[in-house]
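**Q** Input file: coords_20.cif. Contents: mmCIF, N, CA and C atoms.
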```cif
data_upload
#
loop_
_atom_site.label_atom_id
_atom_site.label_comp_id
_atom_site.auth_asym_id
_atom_site.auth_seq_id
_atom_site.Cartn_x
_atom_site.Cartn_y
_atom_site.Cartn_z
N MET A 39 93.78 114.93 100.18
CA MET A 39 93.79 113.47 100.12
C MET A 39 95.05 113.03 99.37
N ALA A 40 95.83 112.17 99.97
CA ALA A 40 97.05 111.68 99.34
C ALA A 40 96.71 110.69 98.23
N ARG A 41 97.37 110.84 97.12
CA ARG A 41 97.19 109.91 96.00
C ARG A 41 98.37 108.97 95.95
N ARG A 42 98.15 107.81 95.46
CA ARG A 42 99.23 106.84 95.30
C ARG A 42 99.83 107.01 93.91
N LEU A 43 101.09 107.34 93.86
CA LEU A 43 101.79 107.52 92.60
C LEU A 43 102.54 106.25 92.23
N ARG A 44 102.52 105.91 90.97
CA ARG A 44 103.27 104.76 90.47
C ARG A 44 103.98 105.17 89.19
N VAL A 45 105.12 104.59 88.97
CA VAL A 45 105.82 104.80 87.72
C VAL A 45 105.47 103.63 86.79
N ARG A 46 105.33 103.91 85.53
CA ARG A 46 105.01 102.89 84.53
C ARG A 46 106.00 103.01 83.39
N SER A 47 106.29 101.88 82.79
CA SER A 47 107.17 101.88 81.63
C SER A 47 106.57 100.96 80.58
N LYS A 48 107.01 101.15 79.36
CA LYS A 48 106.54 100.34 78.25
C LYS A 48 107.75 99.70 77.58
N VAL A 49 107.62 98.44 77.26
CA VAL A 49 108.72 97.69 76.66
C VAL A 49 108.28 97.23 75.28
N TRP A 50 109.17 97.34 74.32
CA TRP A 50 108.95 96.76 73.01
C TRP A 50 110.29 96.40 72.41
N VAL A 51 110.27 95.60 71.37
CA VAL A 51 111.49 95.16 70.71
C VAL A 51 111.49 95.74 69.31
N GLU A 52 112.62 96.32 68.93
CA GLU A 52 112.78 96.89 67.59
C GLU A 52 113.92 96.19 66.87
N ALA A 53 113.86 96.19 65.57
CA ALA A 53 114.97 95.76 64.72
C ALA A 53 115.10 96.81 63.63
N ASP A 54 116.25 97.44 63.54
CA ASP A 54 116.50 98.48 62.55
C ASP A 54 115.43 99.58 62.61
N GLY A 55 115.04 99.94 63.82
CA GLY A 55 114.06 101.01 64.01
C GLY A 55 112.62 100.62 63.76
N ARG A 56 112.37 99.34 63.50
CA ARG A 56 111.00 98.88 63.22
C ARG A 56 110.51 97.99 64.35
N LEU A 57 109.32 98.28 64.83
CA LEU A 57 108.72 97.48 65.90
C LEU A 57 108.53 96.04 65.44
N ILE A 58 109.05 95.11 66.24
CA ILE A 58 108.84 93.70 65.90
C ILE A 58 108.15 92.90 67.00
N PHE A 59 108.12 93.43 68.23
CA PHE A 59 107.39 92.73 69.29
C PHE A 59 107.04 93.72 70.38
N SER A 60 105.83 93.55 70.92
CA SER A 60 105.31 94.47 71.93
C SER A 60 104.23 93.76 72.73
N ASP A 61 103.63 94.49 73.65
CA ASP A 61 102.56 93.92 74.46
C ASP A 61 101.39 93.42 73.61
N GLY A 62 101.10 94.12 72.52
CA GLY A 62 100.01 93.70 71.65
C GLY A 62 100.28 92.36 71.00
N ARG A 63 101.48 92.16 70.53
CA ARG A 63 101.83 90.88 69.90
C ARG A 63 101.94 89.78 70.96
N LEU A 64 102.38 90.15 72.15
CA LEU A 64 102.38 89.21 73.26
C LEU A 64 100.96 88.73 73.52
N ALA A 65 100.02 89.66 73.62
CA ALA A 65 98.62 89.30 73.87
C ALA A 65 98.08 88.42 72.74
N LEU A 66 98.48 88.70 71.52
CA LEU A 66 98.04 87.90 70.38
C LEU A 66 98.55 86.47 70.49
N LEU A 67 99.82 86.30 70.77
CA LEU A 67 100.37 84.95 70.91
C LEU A 67 99.73 84.21 72.09
N GLU A 68 99.52 84.91 73.19
CA GLU A 68 98.89 84.26 74.35
C GLU A 68 97.46 83.84 74.04
N ALA A 69 96.75 84.66 73.27
CA ALA A 69 95.38 84.31 72.89
C ALA A 69 95.37 83.11 71.94
N VAL A 70 96.32 83.05 71.01
CA VAL A 70 96.42 81.88 70.13
C VAL A 70 96.68 80.63 70.96
N ALA A 71 97.60 80.73 71.91
CA ALA A 71 97.91 79.58 72.76
C ALA A 71 96.68 79.11 73.52
N GLU A 72 95.88 80.04 73.99
CA GLU A 72 94.68 79.69 74.76
C GLU A 72 93.56 79.16 73.87
N LEU A 73 93.34 79.81 72.73
CA LEU A 73 92.17 79.52 71.90
C LEU A 73 92.45 78.52 70.78
N GLY A 74 93.72 78.30 70.45
CA GLY A 74 94.05 77.36 69.39
C GLY A 74 93.73 77.84 67.99
N SER A 75 93.61 79.17 67.84
CA SER A 75 93.23 79.71 66.55
C SER A 75 93.66 81.17 66.45
N LEU A 76 94.32 81.51 65.35
CA LEU A 76 94.67 82.91 65.12
C LEU A 76 93.42 83.74 64.86
N ARG A 77 92.48 83.18 64.14
CA ARG A 77 91.24 83.92 63.85
C ARG A 77 90.49 84.26 65.14
N ARG A 78 90.34 83.29 66.04
CA ARG A 78 89.64 83.55 67.31
C ARG A 78 90.44 84.51 68.18
N ALA A 79 91.77 84.39 68.15
CA ALA A 79 92.61 85.32 68.92
C ALA A 79 92.42 86.74 68.41
N ALA A 80 92.41 86.91 67.10
CA ALA A 80 92.21 88.23 66.51
C ALA A 80 90.84 88.80 66.89
N GLN A 81 89.83 87.96 66.84
CA GLN A 81 88.48 88.41 67.23
C GLN A 81 88.46 88.87 68.67
N ARG A 82 89.09 88.10 69.55
CA ARG A 82 89.12 88.47 70.98
C ARG A 82 89.78 89.84 71.16
N LEU A 83 90.86 90.09 70.41
CA LEU A 83 91.60 91.34 70.54
C LEU A 83 91.03 92.46 69.68
N GLU A 84 89.96 92.14 68.96
CA GLU A 84 89.26 93.12 68.13
C GLU A 84 90.16 93.73 67.05
N ILE A 85 90.92 92.84 66.40
CA ILE A 85 91.68 93.23 65.22
C ILE A 85 91.34 92.25 64.11
N SER A 86 91.58 92.64 62.89
CA SER A 86 91.27 91.75 61.78
C SER A 86 92.25 90.59 61.74
N TYR A 87 91.80 89.49 61.16
CA TYR A 87 92.67 88.34 60.98
C TYR A 87 93.88 88.74 60.14
N ARG A 88 93.64 89.50 59.10
CA ARG A 88 94.73 89.92 58.22
C ARG A 88 95.77 90.76 58.98
N ALA A 89 95.30 91.66 59.83
CA ALA A 89 96.23 92.48 60.63
C ALA A 89 97.02 91.60 61.60
N ALA A 90 96.35 90.66 62.25
CA ALA A 90 97.02 89.77 63.19
C ALA A 90 98.08 88.95 62.47
N TRP A 91 97.72 88.40 61.33
CA TRP A 91 98.66 87.60 60.55
C TRP A 91 99.86 88.45 60.14
N GLY A 92 99.59 89.67 59.69
CA GLY A 92 100.65 90.57 59.27
C GLY A 92 101.61 90.92 60.40
N LEU A 93 101.08 91.17 61.58
CA LEU A 93 101.93 91.49 62.74
C LEU A 93 102.89 90.34 63.05
N LEU A 94 102.35 89.13 63.04
CA LEU A 94 103.19 87.98 63.35
C LEU A 94 104.20 87.70 62.24
N LYS A 95 103.82 87.94 60.99
CA LYS A 95 104.76 87.75 59.88
C LYS A 95 105.93 88.72 59.97
N VAL A 96 105.68 89.96 60.39
CA VAL A 96 106.77 90.93 60.58
C VAL A 96 107.73 90.42 61.65
N THR A 97 107.19 89.92 62.74
CA THR A 97 108.03 89.41 63.83
C THR A 97 108.82 88.19 63.36
N GLU A 98 108.15 87.28 62.67
CA GLU A 98 108.83 86.09 62.16
C GLU A 98 109.98 86.46 61.23
N ALA A 99 109.73 87.37 60.31
CA ALA A 99 110.76 87.78 59.35
C ALA A 99 111.96 88.41 60.05
N ALA A 100 111.69 89.25 61.03
CA ALA A 100 112.77 89.95 61.74
C ALA A 100 113.60 88.98 62.58
N LEU A 101 112.95 87.99 63.18
CA LEU A 101 113.65 87.05 64.06
C LEU A 101 114.17 85.82 63.33
N GLY A 102 113.63 85.57 62.14
CA GLY A 102 114.06 84.40 61.38
C GLY A 102 113.54 83.10 61.95
N VAL A 103 112.37 83.15 62.59
CA VAL A 103 111.76 81.94 63.15
C VAL A 103 110.27 81.92 62.85
N ARG A 104 109.69 80.73 62.87
CA ARG A 104 108.24 80.61 62.77
C ARG A 104 107.65 80.69 64.17
N LEU A 105 106.55 81.38 64.30
CA LEU A 105 105.89 81.52 65.60
C LEU A 105 104.66 80.63 65.74
N LEU A 106 104.05 80.27 64.60
CA LEU A 106 102.83 79.47 64.63
C LEU A 106 102.97 78.21 63.79
N GLU A 107 102.39 77.14 64.29
CA GLU A 107 102.15 75.93 63.50
C GLU A 107 100.67 76.00 63.14
N VAL A 108 100.38 76.04 61.86
CA VAL A 108 99.01 76.24 61.40
C VAL A 108 98.49 74.98 60.73
N THR A 109 97.26 74.61 61.06
CA THR A 109 96.55 73.52 60.41
C THR A 109 95.40 74.14 59.62
N ILE A 110 95.31 73.81 58.35
CA ILE A 110 94.30 74.42 57.49
C ILE A 110 93.13 73.47 57.31
N GLY A 111 91.92 74.00 57.55
CA GLY A 111 90.69 73.27 57.25
C GLY A 111 90.60 71.90 57.86
N GLY A 112 89.98 71.00 57.09
CA GLY A 112 89.77 69.64 57.57
C GLY A 112 88.43 69.49 58.26
N SER A 113 88.13 68.30 58.71
CA SER A 113 86.83 68.03 59.32
C SER A 113 86.62 68.80 60.61
N GLY A 114 87.69 69.01 61.38
CA GLY A 114 87.56 69.76 62.63
C GLY A 114 87.86 71.23 62.47
N GLY A 115 88.06 71.68 61.25
CA GLY A 115 88.45 73.07 61.02
C GLY A 115 89.95 73.23 61.21
N GLY A 116 90.42 74.40 60.97
CA GLY A 116 91.85 74.68 61.12
C GLY A 116 92.18 75.09 62.53
N GLY A 117 93.43 75.44 62.71
CA GLY A 117 93.84 75.89 64.03
C GLY A 117 95.28 76.33 64.00
N ALA A 118 95.74 76.81 65.13
CA ALA A 118 97.13 77.27 65.24
C ALA A 118 97.62 76.99 66.66
N THR A 119 98.89 76.64 66.74
CA THR A 119 99.55 76.48 68.03
C THR A 119 100.88 77.23 67.96
N LEU A 120 101.39 77.58 69.10
CA LEU A 120 102.67 78.27 69.15
C LEU A 120 103.81 77.27 68.96
N THR A 121 104.84 77.72 68.26
CA THR A 121 106.05 76.92 68.11
C THR A 121 106.88 77.05 69.38
N PRO A 122 107.86 76.17 69.56
CA PRO A 122 108.77 76.34 70.70
C PRO A 122 109.43 77.73 70.70
N ALA A 123 109.76 78.25 69.52
CA ALA A 123 110.37 79.59 69.44
C ALA A 123 109.41 80.66 69.96
N ALA A 124 108.13 80.51 69.67
CA ALA A 124 107.14 81.48 70.16
C ALA A 124 107.02 81.42 71.67
N PHE A 125 106.98 80.20 72.23
CA PHE A 125 106.93 80.07 73.69
C PHE A 125 108.16 80.69 74.33
N ASP A 126 109.31 80.50 73.71
CA ASP A 126 110.56 81.06 74.22
C ASP A 126 110.52 82.59 74.15
N LEU A 127 110.05 83.13 73.04
CA LEU A 127 109.92 84.59 72.89
C LEU A 127 109.01 85.17 73.97
N VAL A 128 107.86 84.55 74.18
CA VAL A 128 106.92 85.02 75.19
C VAL A 128 107.57 85.02 76.57
N ALA A 129 108.24 83.93 76.93
CA ALA A 129 108.86 83.82 78.25
C ALA A 129 109.96 84.86 78.43
N ARG A 130 110.81 85.02 77.43
CA ARG A 130 111.91 85.98 77.55
C ARG A 130 111.39 87.42 77.62
N TYR A 131 110.40 87.73 76.80
CA TYR A 131 109.82 89.08 76.80
C TYR A 131 109.20 89.39 78.16
N ARG A 132 108.47 88.43 78.71
CA ARG A 132 107.87 88.63 80.05
C ARG A 132 108.95 88.87 81.10
N ARG A 133 110.06 88.11 81.05
CA ARG A 133 111.15 88.31 82.01
C ARG A 133 111.75 89.71 81.88
N VAL A 134 111.94 90.16 80.66
CA VAL A 134 112.48 91.51 80.45
C VAL A 134 111.53 92.55 81.02
N LYS A 135 110.24 92.40 80.77
CA LYS A 135 109.25 93.36 81.30
C LYS A 135 109.31 93.43 82.82
N VAL A 136 109.40 92.28 83.47
CA VAL A 136 109.47 92.25 84.93
C VAL A 136 110.71 92.99 85.41
N ARG A 137 111.85 92.73 84.77
CA ARG A 137 113.10 93.39 85.17
C ARG A 137 113.05 94.89 84.92
N VAL A 138 112.50 95.30 83.80
CA VAL A 138 112.39 96.73 83.50
C VAL A 138 111.49 97.42 84.53
N ASN A 139 110.38 96.80 84.87
CA ASN A 139 109.47 97.40 85.85
C ASN A 139 110.10 97.47 87.24
N ARG A 140 110.84 96.44 87.63
CA ARG A 140 111.53 96.48 88.93
C ARG A 140 112.56 97.60 88.95
N THR A 141 113.30 97.73 87.87
CA THR A 141 114.31 98.79 87.78
C THR A 141 113.65 100.16 87.83
N ALA A 142 112.56 100.32 87.13
CA ALA A 142 111.84 101.60 87.15
C ALA A 142 111.30 101.90 88.54
N ASP A 143 110.77 100.89 89.22
CA ASP A 143 110.27 101.07 90.59
C ASP A 143 111.38 101.53 91.52
N ARG A 144 112.56 100.91 91.42
CA ARG A 144 113.69 101.30 92.27
C ARG A 144 114.14 102.73 91.96
N ALA A 145 114.22 103.08 90.69
CA ALA A 145 114.63 104.43 90.31
C ALA A 145 113.62 105.46 90.82
N PHE A 146 112.35 105.14 90.73
CA PHE A 146 111.30 106.04 91.21
C PHE A 146 111.41 106.22 92.72
N ALA A 147 111.62 105.12 93.43
CA ALA A 147 111.74 105.18 94.89
C ALA A 147 112.94 106.03 95.30
N ARG A 148 114.08 105.86 94.60
CA ARG A 148 115.26 106.67 94.91
C ARG A 148 115.00 108.15 94.63
N ALA A 149 114.33 108.45 93.54
CA ALA A 149 114.12 109.84 93.15
C ALA A 149 113.09 110.54 94.03
N PHE A 150 112.08 109.83 94.50
CA PHE A 150 110.99 110.45 95.23
C PHE A 150 110.98 110.13 96.71
N GLY A 151 111.78 109.18 97.14
CA GLY A 151 111.91 108.88 98.57
C GLY A 151 110.62 108.54 99.28
N GLY A 152 109.66 107.99 98.59
CA GLY A 152 108.41 107.55 99.23
C GLY A 152 107.28 108.54 99.11
N SER A 153 107.58 109.80 98.78
CA SER A 153 106.48 110.75 98.63
C SER A 153 106.90 111.91 97.73
N PHE A 154 105.92 112.61 97.22
CA PHE A 154 106.14 113.80 96.40
C PHE A 154 104.97 114.73 96.63
N LEU A 155 105.25 115.89 97.19
CA LEU A 155 104.20 116.89 97.47
C LEU A 155 102.99 116.30 98.17
N GLY A 156 103.26 115.46 99.14
CA GLY A 156 102.17 114.87 99.93
C GLY A 156 101.56 113.62 99.33
N HIS A 157 102.01 113.23 98.16
CA HIS A 157 101.48 112.02 97.51
C HIS A 157 102.41 110.86 97.82
N ARG A 158 101.85 109.75 98.17
CA ARG A 158 102.63 108.55 98.44
C ARG A 158 102.74 107.76 97.14
N TYR A 159 103.85 107.08 96.96
CA TYR A 159 103.97 106.20 95.81
C TYR A 159 103.81 104.77 96.27
N VAL A 160 103.47 103.93 95.34
CA VAL A 160 103.29 102.50 95.62
C VAL A 160 104.52 101.77 95.13
#
```
Could I get this structure in the form of structure tokens?
**A**
Amino acid sequence: MARRLRVRSKVWVEADGRLIFSDGRLALLEAVAELGSLRRAAQRLEISYRAAWGLLKVTEAALGVRLLEVTIGGSGGGGATLTPAAFDLVARYRRVKVRVNRTADRAFARAFGGSFLGHRYV
């Protein structure tokens, strides 16, 4: 039975050898944008609020921008929204991922010519 082979790649951003942005932080920002809360976003991703906050603080420090606008407490409770810089980071990171995956797909197709030992690639 022929199996469908696919090439996969992983993208992340480093500064001075330290991870500052990756798929996990992307998911965190997207969840904040959807849910309006860092705490709820962290719960959805099954990480602690403290860990989520720490991840974003590392990214903010490395990039020199704020990623969240935070409202504390009040009658309706607190919340968080993404800053324009965060929306820009998300969009640019997604574009890079698409380009990296397209490049990897083309390289795989050139190297394997559509099949490998009877297996077809997608």
**Q** Which residue is closest to Ala118 of chain A? Choose from A:Leu93, A:Gln81, A:Phe150, A:Leu106 and count only N, CA and C atoms.
**A**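 Counting only N, CA and C atoms, the residue closest to Ala118 of chain A is A:Leu106.
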**Q** Give me, as a PyMOL selection string, the residues of chain A that a backbone DSSP run labels strand (DSSP E or B).
**A** chain A and resi 42-43+51-53+56-59+106-109+117-120+153-154+157-159
**Q** Of the residues A:Arg77, A:Arg132, A:Arg148, A:Arg63, which is the one nearest to Leu105 of chain A, using only C-alpha atoms?
**A**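 Closest to Leu105 of chain A of all the choices is A:Arg63.
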**Q** Record the distance separating atom C of Leu83 of chain A and atom C of Lys48 of chain A, expressed in Å with one decimal.
**A**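 Taking atom C of Leu83 of chain A and atom C of Lys48 of chain A, their separation equals 19.9 Å.
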**Q** Would you please extract all helix (DSSP H, G or I) residues from segment 40-159 of chain A, as assigned by DSSP on the backbone, and give them as a short mmCIF file (atom, residue, chain, number, x, y, z; two decimals) with N, CA and C atoms, keeping the file's coordinate frame?
**A**
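Wrote selection-v5.cif, looks like this:
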```
data_model
loop_
_atom_site.label_atom_id
_atom_site.label_comp_id
_atom_site.auth_asym_id
_atom_site.auth_seq_id
_atom_site.Cartn_x
_atom_site.Cartn_y
_atom_site.Cartn_z
N ASP A 61 103.63 94.49 73.65
CA ASP A 61 102.56 93.92 74.46
C ASP A 61 101.39 93.42 73.61
N GLY A 62 101.10 94.12 72.52
CA GLY A 62 100.01 93.70 71.65
C GLY A 62 100.28 92.36 71.00
N ARG A 63 101.48 92.16 70.53
CA ARG A 63 101.83 90.88 69.90
C ARG A 63 101.94 89.78 70.96
N LEU A 64 102.38 90.15 72.15
CA LEU A 64 102.38 89.21 73.26
C LEU A 64 100.96 88.73 73.52
N ALA A 65 100.02 89.66 73.62
CA ALA A 65 98.62 89.30 73.87
C ALA A 65 98.08 88.42 72.74
N LEU A 66 98.48 88.70 71.52
CA LEU A 66 98.04 87.90 70.38
C LEU A 66 98.55 86.47 70.49
N LEU A 67 99.82 86.30 70.77
CA LEU A 67 100.37 84.95 70.91
C LEU A 67 99.73 84.21 72.09
N GLU A 68 99.52 84.91 73.19
CA GLU A 68 98.89 84.26 74.35
C GLU A 68 97.46 83.84 74.04
N ALA A 69 96.75 84.66 73.27
CA ALA A 69 95.38 84.31 72.89
C ALA A 69 95.37 83.11 71.94
N VAL A 70 96.32 83.05 71.01
CA VAL A 70 96.42 81.88 70.13
C VAL A 70 96.68 80.63 70.96
N ALA A 71 97.60 80.73 71.91
CA ALA A 71 97.91 79.58 72.76
C ALA A 71 96.68 79.11 73.52
N GLU A 72 95.88 80.04 73.99
CA GLU A 72 94.68 79.69 74.76
C GLU A 72 93.56 79.16 73.87
N LEU A 73 93.34 79.81 72.73
CA LEU A 73 92.17 79.52 71.90
C LEU A 73 92.45 78.52 70.78
N LEU A 76 94.32 81.51 65.35
CA LEU A 76 94.67 82.91 65.12
C LEU A 76 93.42 83.74 64.86
N ARG A 77 92.48 83.18 64.14
CA ARG A 77 91.24 83.92 63.85
C ARG A 77 90.49 84.26 65.14
N ARG A 78 90.34 83.29 66.04
CA ARG A 78 89.64 83.55 67.31
C ARG A 78 90.44 84.51 68.18
N ALA A 79 91.77 84.39 68.15
CA ALA A 79 92.61 85.32 68.92
C ALA A 79 92.42 86.74 68.41
N ALA A 80 92.41 86.91 67.10
CA ALA A 80 92.21 88.23 66.51
C ALA A 80 90.84 88.80 66.89
N GLN A 81 89.83 87.96 66.84
CA GLN A 81 88.48 88.41 67.23
C GLN A 81 88.46 88.87 68.67
N ARG A 82 89.09 88.10 69.55
CA ARG A 82 89.12 88.47 70.98
C ARG A 82 89.78 89.84 71.16
N LEU A 83 90.86 90.09 70.41
CA LEU A 83 91.60 91.34 70.54
C LEU A 83 91.03 92.46 69.68
N TYR A 87 91.80 89.49 61.16
CA TYR A 87 92.67 88.34 60.98
C TYR A 87 93.88 88.74 60.14
N ARG A 88 93.64 89.50 59.10
CA ARG A 88 94.73 89.92 58.22
C ARG A 88 95.77 90.76 58.98
N ALA A 89 95.30 91.66 59.83
CA ALA A 89 96.23 92.48 60.63
C ALA A 89 97.02 91.60 61.60
N ALA A 90 96.35 90.66 62.25
CA ALA A 90 97.02 89.77 63.19
C ALA A 90 98.08 88.95 62.47
N TRP A 91 97.72 88.40 61.33
CA TRP A 91 98.66 87.60 60.55
C TRP A 91 99.86 88.45 60.14
N GLY A 92 99.59 89.67 59.69
CA GLY A 92 100.65 90.57 59.27
C GLY A 92 101.61 90.92 60.40
N LEU A 93 101.08 91.17 61.58
CA LEU A 93 101.93 91.49 62.74
C LEU A 93 102.89 90.34 63.05
N LEU A 94 102.35 89.13 63.04
CA LEU A 94 103.19 87.98 63.35
C LEU A 94 104.20 87.70 62.24
N LYS A 95 103.82 87.94 60.99
CA LYS A 95 104.76 87.75 59.88
C LYS A 95 105.93 88.72 59.97
N VAL A 96 105.68 89.96 60.39
CA VAL A 96 106.77 90.93 60.58
C VAL A 96 107.73 90.42 61.65
N THR A 97 107.19 89.92 62.74
CA THR A 97 108.03 89.41 63.83
C THR A 97 108.82 88.19 63.36
N GLU A 98 108.15 87.28 62.67
CA GLU A 98 108.83 86.09 62.16
C GLU A 98 109.98 86.46 61.23
N ALA A 99 109.73 87.37 60.31
CA ALA A 99 110.76 87.78 59.35
C ALA A 99 111.96 88.41 60.05
N ALA A 100 111.69 89.25 61.03
CA ALA A 100 112.77 89.95 61.74
C ALA A 100 113.60 88.98 62.58
N LEU A 101 112.95 87.99 63.18
CA LEU A 101 113.65 87.05 64.06
C LEU A 101 114.17 85.82 63.33
N PRO A 122 107.86 76.17 69.56
CA PRO A 122 108.77 76.34 70.70
C PRO A 122 109.43 77.73 70.70
N ALA A 123 109.76 78.25 69.52
CA ALA A 123 110.37 79.59 69.44
C ALA A 123 109.41 80.66 69.96
N ALA A 124 108.13 80.51 69.67
CA ALA A 124 107.14 81.48 70.16
C ALA A 124 107.02 81.42 71.67
N PHE A 125 106.98 80.20 72.23
CA PHE A 125 106.93 80.07 73.69
C PHE A 125 108.16 80.69 74.33
N ASP A 126 109.31 80.50 73.71
CA ASP A 126 110.56 81.06 74.22
C ASP A 126 110.52 82.59 74.15
N LEU A 127 110.05 83.13 73.04
CA LEU A 127 109.92 84.59 72.89
C LEU A 127 109.01 85.17 73.97
N VAL A 128 107.86 84.55 74.18
CA VAL A 128 106.92 85.02 75.19
C VAL A 128 107.57 85.02 76.57
N ALA A 129 108.24 83.93 76.93
CA ALA A 129 108.86 83.82 78.25
C ALA A 129 109.96 84.86 78.43
N ARG A 130 110.81 85.02 77.43
CA ARG A 130 111.91 85.98 77.55
C ARG A 130 111.39 87.42 77.62
N TYR A 131 110.40 87.73 76.80
CA TYR A 131 109.82 89.08 76.80
C TYR A 131 109.20 89.39 78.16
N ARG A 132 108.47 88.43 78.71
CA ARG A 132 107.87 88.63 80.05
C ARG A 132 108.95 88.87 81.10
N ARG A 133 110.06 88.11 81.05
CA ARG A 133 111.15 88.31 82.01
C ARG A 133 111.75 89.71 81.88
N VAL A 134 111.94 90.16 80.66
CA VAL A 134 112.48 91.51 80.45
C VAL A 134 111.53 92.55 81.02
N LYS A 135 110.24 92.40 80.77
CA LYS A 135 109.25 93.36 81.30
C LYS A 135 109.31 93.43 82.82
N VAL A 136 109.40 92.28 83.47
CA VAL A 136 109.47 92.25 84.93
C VAL A 136 110.71 92.99 85.41
N ARG A 137 111.85 92.73 84.77
CA ARG A 137 113.10 93.39 85.17
C ARG A 137 113.05 94.89 84.92
N VAL A 138 112.50 95.30 83.80
CA VAL A 138 112.39 96.73 83.50
C VAL A 138 111.49 97.42 84.53
N ASN A 139 110.38 96.80 84.87
CA ASN A 139 109.47 97.40 85.85
C ASN A 139 110.10 97.47 87.24
N ARG A 140 110.84 96.44 87.63
CA ARG A 140 111.53 96.48 88.93
C ARG A 140 112.56 97.60 88.95
N THR A 141 113.30 97.73 87.87
CA THR A 141 114.31 98.79 87.78
C THR A 141 113.65 100.16 87.83
N ALA A 142 112.56 100.32 87.13
CA ALA A 142 111.84 101.60 87.15
C ALA A 142 111.30 101.90 88.54
N ASP A 143 110.77 100.89 89.22
CA ASP A 143 110.27 101.07 90.59
C ASP A 143 111.38 101.53 91.52
N ARG A 144 112.56 100.91 91.42
CA ARG A 144 113.69 101.30 92.27
C ARG A 144 114.14 102.73 91.96
N ALA A 145 114.22 103.08 90.69
CA ALA A 145 114.63 104.43 90.31
C ALA A 145 113.62 105.46 90.82
N PHE A 146 112.35 105.14 90.73
CA PHE A 146 111.30 106.04 91.21
C PHE A 146 111.41 106.22 92.72
N ALA A 147 111.62 105.12 93.43
CA ALA A 147 111.74 105.18 94.89
C ALA A 147 112.94 106.03 95.30
N ARG A 148 114.08 105.86 94.60
CA ARG A 148 115.26 106.67 94.91
C ARG A 148 115.00 108.15 94.63
N ALA A 149 114.33 108.45 93.54
CA ALA A 149 114.12 109.84 93.15
C ALA A 149 113.09 110.54 94.03
N PHE A 150 112.08 109.83 94.50
CA PHE A 150 110.99 110.45 95.23
C PHE A 150 110.98 110.13 96.71
#
```
**Q** Give me the residues near Val108 of chain A as a PyMOL selection string, where near means some atom within 8 Å (using all atoms listed in the file) and where sequence neighbours in that chain fewer than 4 positions away do not count.
**A** chain A and resi 116-121
**Q** To box segment 104-120 of chain A, take all atoms listed in the file, fit an axis-aligned box, add 3 Å on each side, and give centre and edge lengths in Å to one decimal, as AutoDock Vina command-line options.
**A**
```
--center_x 98.2 --center_y 74.8 --center_z 63.1 --size_x 29.1 --size_y 19.5 --size_z 18.1
```
**Q** What does the distance from atom CA of Ala100 of chain A to atom CA of Ile58 of chain A come to in Å, to one decimal?
**A**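 Those two atoms sit 6.8 Å apart.
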**Q** Work out how far atom CA of Gly74 of chain A is from atom CA of Gly115 of chain A, in Å to one decimal.
**A**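 Going from atom CA of Gly115 of chain A over to atom CA of Gly74 of chain A covers 10.9 Å.
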**Q** Considering only C-alpha atoms, return as number ranges by chain whatever protein or nucleic-acid residues lie within 12 Å of Arg46 of chain A, sequence-local ones (same chain, fewer than 5 positions apart) excluded.
**A** A: 135-136, 138-146, 159-160
**Q** Between A:Gly55, A:Trp91, A:Tyr131, A:Ala149, which residue has the minimum interatomic distance to Leu76 of chain A, considering all atoms listed in the file?
**A** A:Trp91
**Q** Starting from the PyMOL selection byres ((chain A and resi 49) around 6.5), expand the selection into actual residues of this file and give them as an MDAnalysis selection string.
**A** chainID A and resid 47:48 50:51 59:61 135
